[in-house]
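Listing of final00.cif, mmCIF, C-alpha atoms
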data_my_file
loop_
_atom_site.label_atom_id
_atom_site.label_comp_id
_atom_site.auth_asym_id
_atom_site.auth_seq_id
_atom_site.Cartn_x
_atom_site.Cartn_y
_atom_site.Cartn_z
CA MET E 1 -19.91 56.96 182.55
CA ASP E 2 -17.12 55.25 184.51
CA ASN E 3 -13.63 56.62 185.19
CA ASN E 4 -11.78 54.34 182.77
CA ALA E 5 -9.20 55.69 180.36
CA TYR E 6 -10.18 55.29 176.71
CA VAL E 7 -8.19 54.80 173.52
CA ALA E 8 -10.18 55.71 170.40
CA TYR E 9 -9.93 53.67 167.20
CA LEU E 10 -11.40 55.09 163.98
CA ARG E 11 -11.41 53.46 160.56
CA VAL E 12 -12.24 54.69 157.07
CA SER E 13 -12.11 52.52 153.96
CA THR E 14 -10.35 54.85 151.51
CA GLN E 15 -7.56 57.41 151.43
CA ARG E 16 -10.07 59.94 150.12
CA GLN E 17 -12.24 59.51 153.21
CA GLY E 18 -9.18 59.87 155.40
CA VAL E 19 -8.07 63.11 153.78
CA SER E 20 -11.52 64.69 153.47
CA GLY E 21 -12.67 63.63 156.91
CA LEU E 22 -15.77 62.05 155.37
CA GLY E 23 -16.90 59.47 157.91
CA LEU E 24 -14.02 60.32 160.23
CA GLN E 25 -15.63 63.39 161.75
CA ALA E 26 -18.86 61.50 162.32
CA GLN E 27 -17.00 58.78 164.23
CA GLN E 28 -15.18 61.37 166.34
CA GLU E 29 -18.49 63.07 167.15
CA ILE E 30 -20.11 59.75 168.17
CA ILE E 31 -17.19 58.97 170.51
CA ARG E 32 -17.23 62.50 171.96
CA ASN E 33 -20.94 62.27 172.71
CA TYR E 34 -20.53 58.84 174.30
CA LEU E 35 -17.73 60.10 176.57
CA SER E 36 -19.79 63.19 177.49
CA GLY E 37 -16.95 65.61 176.84
CA GLU E 38 -14.18 63.40 178.23
CA GLU E 39 -11.23 63.08 175.88
CA PRO E 40 -9.63 59.72 174.98
CA ILE E 41 -5.97 59.46 175.98
CA ALA E 42 -5.09 58.70 172.34
CA GLU E 43 -6.72 58.39 168.93
CA PHE E 44 -5.67 56.02 166.16
CA VAL E 45 -6.97 56.36 162.59
CA GLU E 46 -6.78 53.44 160.15
CA ILE E 47 -7.35 53.70 156.40
CA GLU E 48 -8.23 50.13 155.45
CA SER E 49 -11.09 47.86 154.37
CA GLY E 50 -13.14 46.25 157.13
CA ARG E 51 -12.38 42.83 155.63
CA LYS E 52 -8.60 43.21 156.06
CA THR E 53 -6.99 41.84 159.22
CA GLN E 54 -3.63 43.61 158.81
CA ARG E 55 -4.21 46.73 160.90
CA PRO E 56 -1.03 48.42 162.17
CA LYS E 57 -2.95 51.30 163.78
CA LEU E 58 -5.33 48.92 165.54
CA HIS E 59 -2.32 46.96 166.79
CA GLU E 60 -0.84 50.19 168.18
CA ALA E 61 -4.14 51.06 169.85
CA LEU E 62 -4.41 47.63 171.45
CA GLU E 63 -0.81 47.77 172.71
CA LEU E 64 -1.49 51.15 174.31
CA CYS E 65 -4.65 49.76 175.92
CA LYS E 66 -2.59 46.94 177.45
CA LYS E 67 0.08 49.35 178.66
CA MET E 68 -2.34 51.90 180.12
CA LYS E 69 -5.03 49.36 181.14
CA ALA E 70 -7.42 51.40 179.02
CA THR E 71 -10.61 50.54 177.18
CA LEU E 72 -10.66 50.55 173.37
CA ILE E 73 -13.59 52.68 172.19
CA VAL E 74 -15.02 52.40 168.67
CA ALA E 75 -17.85 54.53 167.25
CA LYS E 76 -19.61 51.67 165.43
CA MET E 77 -19.06 47.96 165.44
CA ASP E 78 -18.48 47.73 161.68
CA ARG E 79 -15.57 50.16 162.05
CA LEU E 80 -13.65 47.45 163.90
CA SER E 81 -14.10 44.41 161.66
CA ARG E 82 -16.47 42.43 159.46
CA ASN E 83 -14.43 39.26 159.84
CA VAL E 84 -15.79 36.90 162.49
CA THR E 85 -12.47 35.18 163.23
CA PHE E 86 -10.68 38.49 163.61
CA THR E 87 -13.46 39.87 165.82
CA SER E 88 -13.40 36.77 168.03
CA GLN E 89 -9.65 37.08 168.47
CA LEU E 90 -10.02 40.70 169.52
CA LEU E 91 -12.74 39.81 172.01
CA ASP E 92 -10.48 37.10 173.45
CA SER E 93 -7.50 39.44 173.80
CA GLY E 94 -8.49 40.45 177.32
CA ILE E 95 -8.81 44.10 176.35
CA GLU E 96 -12.09 45.80 177.14
CA ILE E 97 -13.82 47.06 174.00
CA VAL E 98 -16.88 49.31 173.90
CA PHE E 99 -18.94 50.15 170.82
CA CYS E 100 -20.77 53.46 171.10
CA ASP E 101 -23.67 52.26 168.94
CA PHE E 102 -24.06 49.03 170.92
CA PRO E 103 -22.61 49.57 174.42
CA ARG E 104 -24.52 46.78 176.17
CA ALA E 105 -23.50 44.00 173.84
CA ASN E 106 -21.74 41.09 175.51
CA ARG E 107 -19.11 38.79 173.99
CA LEU E 108 -21.65 36.19 172.77
CA VAL E 109 -23.89 38.73 171.03
CA LEU E 110 -20.94 40.47 169.38
CA THR E 111 -19.61 37.16 168.04
CA ILE E 112 -23.04 36.23 166.67
CA ILE E 113 -23.42 39.61 164.97
CA ALA E 114 -19.95 39.38 163.42
CA ALA E 115 -20.77 35.90 162.11
CA ILE E 116 -24.05 37.10 160.59
CA SER E 117 -22.36 40.13 158.99
CA GLU E 118 -19.65 37.97 157.43
CA TYR E 119 -22.19 35.41 156.19
CA GLU E 120 -24.48 38.05 154.66
CA ALA E 121 -21.55 39.85 153.02
CA GLY E 122 -20.62 36.54 151.36
CA LEU E 123 -24.19 36.01 150.17
CA ILE E 124 -24.33 39.48 148.63
CA ARG E 125 -21.10 38.87 146.72
CA GLN E 126 -22.41 35.50 145.49
CA ARG E 127 -25.73 36.98 144.35
CA THR E 128 -23.96 39.83 142.57
CA ARG E 129 -21.63 37.47 140.70
CA ALA E 130 -24.52 35.15 139.79
CA ALA E 131 -26.66 38.04 138.51
CA LEU E 132 -23.83 39.39 136.36
CA GLN E 133 -23.18 35.92 134.94
CA VAL E 134 -26.84 35.53 133.96
CA LYS E 135 -26.76 38.91 132.23
CA LYS E 136 -23.66 37.92 130.29
CA GLU E 137 -25.20 34.58 129.25
CA GLN E 138 -28.27 36.48 128.01
CA GLY E 139 -26.00 38.58 125.81
CA CYS E 140 -26.58 41.78 127.73
CA GLN E 141 -23.93 44.45 127.53
CA LEU E 142 -23.38 45.33 131.16
CA GLY E 143 -23.50 49.00 132.04
CA LYS E 144 -26.28 50.00 129.63
CA PRO E 145 -29.15 51.77 131.45
CA GLU E 146 -31.78 49.79 129.54
CA ASN E 147 -30.28 46.53 130.77
CA LEU E 148 -30.42 47.71 134.37
CA THR E 149 -34.01 48.92 134.48
CA GLY E 150 -35.81 47.73 131.38
CA ASN E 151 -39.45 48.72 131.43
CA MET E 152 -41.35 50.41 134.26
CA GLU E 153 -42.39 47.11 135.83
CA LYS E 154 -38.78 46.02 136.07
CA ALA E 155 -37.82 49.39 137.55
CA ILE E 156 -40.44 49.01 140.28
CA THR E 157 -39.23 45.48 140.99
CA ASN E 158 -35.64 46.69 141.19
CA SER E 159 -36.65 49.46 143.58
CA ARG E 160 -38.50 47.02 145.82
CA GLN E 161 -35.54 44.65 145.86
CA THR E 162 -33.19 47.52 146.68
CA ASN E 163 -35.34 48.55 149.64
CA GLN E 164 -35.44 44.96 150.87
CA GLU E 165 -31.66 44.68 150.61
CA LYS E 166 -31.21 47.96 152.48
CA ALA E 167 -33.43 46.65 155.27
CA ALA E 168 -31.54 43.35 155.35
CA ASN E 169 -28.17 45.12 155.49
CA ASN E 170 -29.19 47.75 158.05
CA PRO E 171 -26.81 47.35 161.04
CA HIS E 172 -29.59 47.97 163.58
CA ASN E 173 -31.67 45.19 162.01
CA LYS E 174 -28.69 42.82 162.00
CA ARG E 175 -28.09 43.35 165.69
CA ALA E 176 -31.74 42.91 166.57
CA VAL E 177 -32.00 39.74 164.47
CA ALA E 178 -28.94 38.29 166.20
CA MET E 179 -30.68 38.73 169.56
CA LEU E 180 -34.07 37.58 168.25
CA LYS E 181 -32.52 34.29 167.16
CA ILE E 182 -31.88 33.68 170.84
CA LEU E 183 -35.20 35.08 172.12
CA VAL E 184 -37.46 33.04 169.82
CA ARG E 185 -36.13 29.89 171.49
CA GLU E 186 -37.29 31.15 174.87
CA THR E 187 -40.66 32.80 174.20
CA ASN E 188 -43.41 33.31 171.62
CA ASN E 189 -44.54 36.58 173.20
CA LEU E 190 -43.79 39.37 170.71
CA SER E 191 -44.35 42.13 173.27
CA GLU E 192 -41.93 40.49 175.67
CA MET E 193 -39.32 40.23 172.90
CA ALA E 194 -39.81 43.92 172.08
CA ARG E 195 -39.35 44.86 175.75
CA THR E 196 -36.17 42.81 175.96
CA LEU E 197 -34.72 44.44 172.85
CA ASN E 198 -35.55 47.91 174.13
CA ASN E 199 -34.18 47.21 177.62
CA GLU E 200 -30.92 45.89 176.17
CA GLY E 201 -30.38 49.00 174.06
CA PHE E 202 -31.33 47.62 170.63
CA THR E 203 -32.99 50.02 168.19
CA THR E 204 -35.01 49.74 164.99
CA SER E 205 -33.55 50.49 161.57
CA ARG E 206 -34.42 54.16 162.12
CA GLY E 207 -33.09 54.27 165.66
CA GLY E 208 -36.46 54.02 167.43
CA ARG E 209 -37.90 51.64 170.02
CA PHE E 210 -39.28 48.24 169.08
CA THR E 211 -42.96 47.28 169.11
CA ALA E 212 -44.48 43.81 168.88
CA LYS E 213 -45.40 44.48 165.24
CA GLN E 214 -41.82 45.41 164.33
CA VAL E 215 -40.53 42.28 166.04
CA SER E 216 -43.03 40.20 164.05
CA ILE E 217 -41.84 41.80 160.78
CA LEU E 218 -38.21 40.92 161.52
CA ILE E 219 -39.07 37.37 162.54
CA ASN E 220 -41.02 36.80 159.31
CA ARG E 221 -38.49 38.58 157.08
CA TYR E 222 -35.57 36.56 158.40
CA GLN E 223 -37.61 33.36 158.90
CA LEU E 224 -36.51 33.01 162.50
CA LYS E 225 -39.28 30.48 163.26
#
Exercise: express the given structure as structure tokens:
Amino acid sequence: MDNNAYVAYLRVSTQRQGVSGLGLQAQQEIIRNYLSGEEPIAEFVEIESGRKTQRPKLHEALELCKKMKATLIVAKMDRLSRNVTFTSQLLDSGIEIVFCDFPRANRLVLTIIAAISEYEAGLIRQRTRAALQVKKEQGCQLGKPENLTGNMEKAITNSRQTNQEKAANNPHNKRAVAMLKILVRETNNLSEMARTLNNEGFTTSRGGRFTAKQVSILINRYQLK
């Protein structure tokens, strides 16, 4: 760790999370572990959606960082923003920002990841709306259990699709894919790509180290070649 002063920014999406501490305590613990016992000079808690750009507490945190020449520290990247334009503006503000779950990420990688997150969030919303529209056109009464699962075969298919969506939306996978999009242009060696990901601090969906096989799975799943 360096000797910089840190200002902590934590965000939860709902008032209930803010009151109960659900999610908040986990973020505080992540920041504490990253700072190895060192305390931030201030902590700002925002209760707002990650898609919103109006963040009074974030503004206060950034102003304090400017005044104290401190580094803004955030437990996880998605706690800051899921809006690529907003993220880019923050990165261009001149204030140092460190993400505990991705400390080695540079400006380019962070911008790419934010763009991918925003794009995928839009796709999910589109697919959800399209699926609901199809159900309505088929005369289904939305909300009935039988319309959601149908027979056993449909239930298995739904489960498989859910698992695939979870893998696609896993933040570790998103970060790795963002870097792999760059690496596949430079090499075809899967082992070399795995070494690069591991050396740069990327982790698998379960937080482990990458192997050539895992790299191959991500490349095929996301059609990076």
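Relative to CA of Leu183 in chain E, CA of Ser88 in chain E is found at 22.2 Å.
Close contacts of Ile97 in chain E, defined as residues with an atom at most 6 Å away when counting only C-alpha atoms, with chain neighbours fewer than 5 positions off set aside, comprise E:Thr71, E:Leu72, E:Ile73.
Shortest separation to Val45 in chain E among E:Tyr9, E:Cys100, E:Leu62, E:Asp78 occurs at residue E:Tyr9, atoms counted being all atoms listed in the file.
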Near Asn188 in chain E, within 12 Å and counting all atoms listed in the file, which residues show up once chain neighbours fewer than 4 positions away are dropped, as a ChimeraX atom specification? /E:180-184,192-194,212,215-216,219,224-225
Output C-alpha atoms for every residue in that selection, as a CSV table (one decimal), in the coordinates of the input.
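Output file part_20.csv is given in full below:
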chain,number,residue,atom,x,y,z
E,180,LEU,CA,-34.1,37.6,168.2
E,181,LYS,CA,-32.5,34.3,167.2
E,182,ILE,CA,-31.9,33.7,170.8
E,183,LEU,CA,-35.2,35.1,172.1
E,184,VAL,CA,-37.5,33.0,169.8
E,192,GLU,CA,-41.9,40.5,175.7
E,193,MET,CA,-39.3,40.2,172.9
E,194,ALA,CA,-39.8,43.9,172.1
E,212,ALA,CA,-44.5,43.8,168.9
E,215,VAL,CA,-40.5,42.3,166.0
E,216,SER,CA,-43.0,40.2,164.0
E,219,ILE,CA,-39.1,37.4,162.5
E,224,LEU,CA,-36.5,33.0,162.5
E,225,LYS,CA,-39.3,30.5,163.3
Which residues, named as in the file, does the PyMOL selection byres ((chain E and resi 98) around 10) pick out? Answer as a count of residues only. 20
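With CA of Leu64 in chain E on one side and CA of Arg79 in chain E on the other, the separation reads 18.7 Å.
With only C-alpha atoms as the atoms that count, the minimum distance from Thr204 in chain E to the choices E:Gln138, E:Gln133, E:Asn173, E:Thr128 is reached by E:Asn173.
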Hey, can you check how far CA of Gly207 in chain E sits from CA of Gly37 in chain E? 22.7 Å
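Distances to Glu29 in chain E were evaluated for E:Ala130, E:Ile217, E:Leu10, E:Ala176 using only C-alpha atoms, and the minimum falls at E:Leu10.
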Excluding Glu63 in chain E and any residue of its chain fewer than 6 positions from it, enumerate the residues within 12 Å of it, using only C-alpha atoms, and give them as an MDAnalysis selection string. chainID E and resid 7 42 44 56:57 69:72 93:95
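Taking only C-alpha atoms into account, Ser205 in chain E lies nearest to E:Val177 out of the set E:Asn33, E:Val177, E:Gln27, E:Ala61.
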